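Trainee: Can you keep this structure in mind? I'll have questions shortly.
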Amino acid sequence: MRTPIHANSNGDRWYLCRGDDPVDVFVFHEPNGPSGRMPSRIELTAFLASGSGSPEHRTLLTMIGSLVGATHAGSGTPPRGPEAGAAGAEPTPGEAAALT
């Protein structure tokens with residue numbers, strides 16, 4: 001599986017790819033034909049660590065950010081209140097005295 005990340009005006013292309021194993025995620029760089037360079041697989045951590053601020057880096061980070069936004073869309077701020085299970089807990093002696 002591969003998803004386009006970026007194509008520059010020179011014809012270089014970058015893809016976000018997943019191998020057979022779901023945790024095998026990497027960037028595939030396909031250089032333009034005339035450059036004579038070979039296509040290359042770049043481990044995702046290495047690609048992100050190089051963080052040169054290039055358009056392909058910014059685009060990938062935007063893609064990742066949109067996934068986080070989509071996952072949390074509509075969730076809003078979690079409601080405030082007692083922790084789970086706290087409603088049935090007995091008050092401490094100090095809390096009991098303050099209630100009376």
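Chain labels follow the order of the structure tokens: the first chain is A, the next B, and so on; residue numbering restarts at 1 in every chain, and ligands are counted from 1 in their shown order.
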Name the residues in contact with segment 28-41 of chain A at a cut-off of 8 Å, using only C-alpha atoms, excluding same-chain residues fewer than 5 positions from it; report them as a list in words.

Mentor: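 Contacts, in chain order: Asn10, Gly11, Asp12, Arg13, Trp14, Tyr15, Leu16 and Cys17 of chain A.
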
Trainee: At a cut-off of 8 Å, using only C-alpha atoms, what residues contact segment 47-61 of chain A? Leave out same-chain residues fewer than 6 positions from it and give the result as a list in words.

Mentor: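 After dropping sequence-adjacent residues, the list is Ile5, His6, Ala7, Trp14 and Val27 of chain A.
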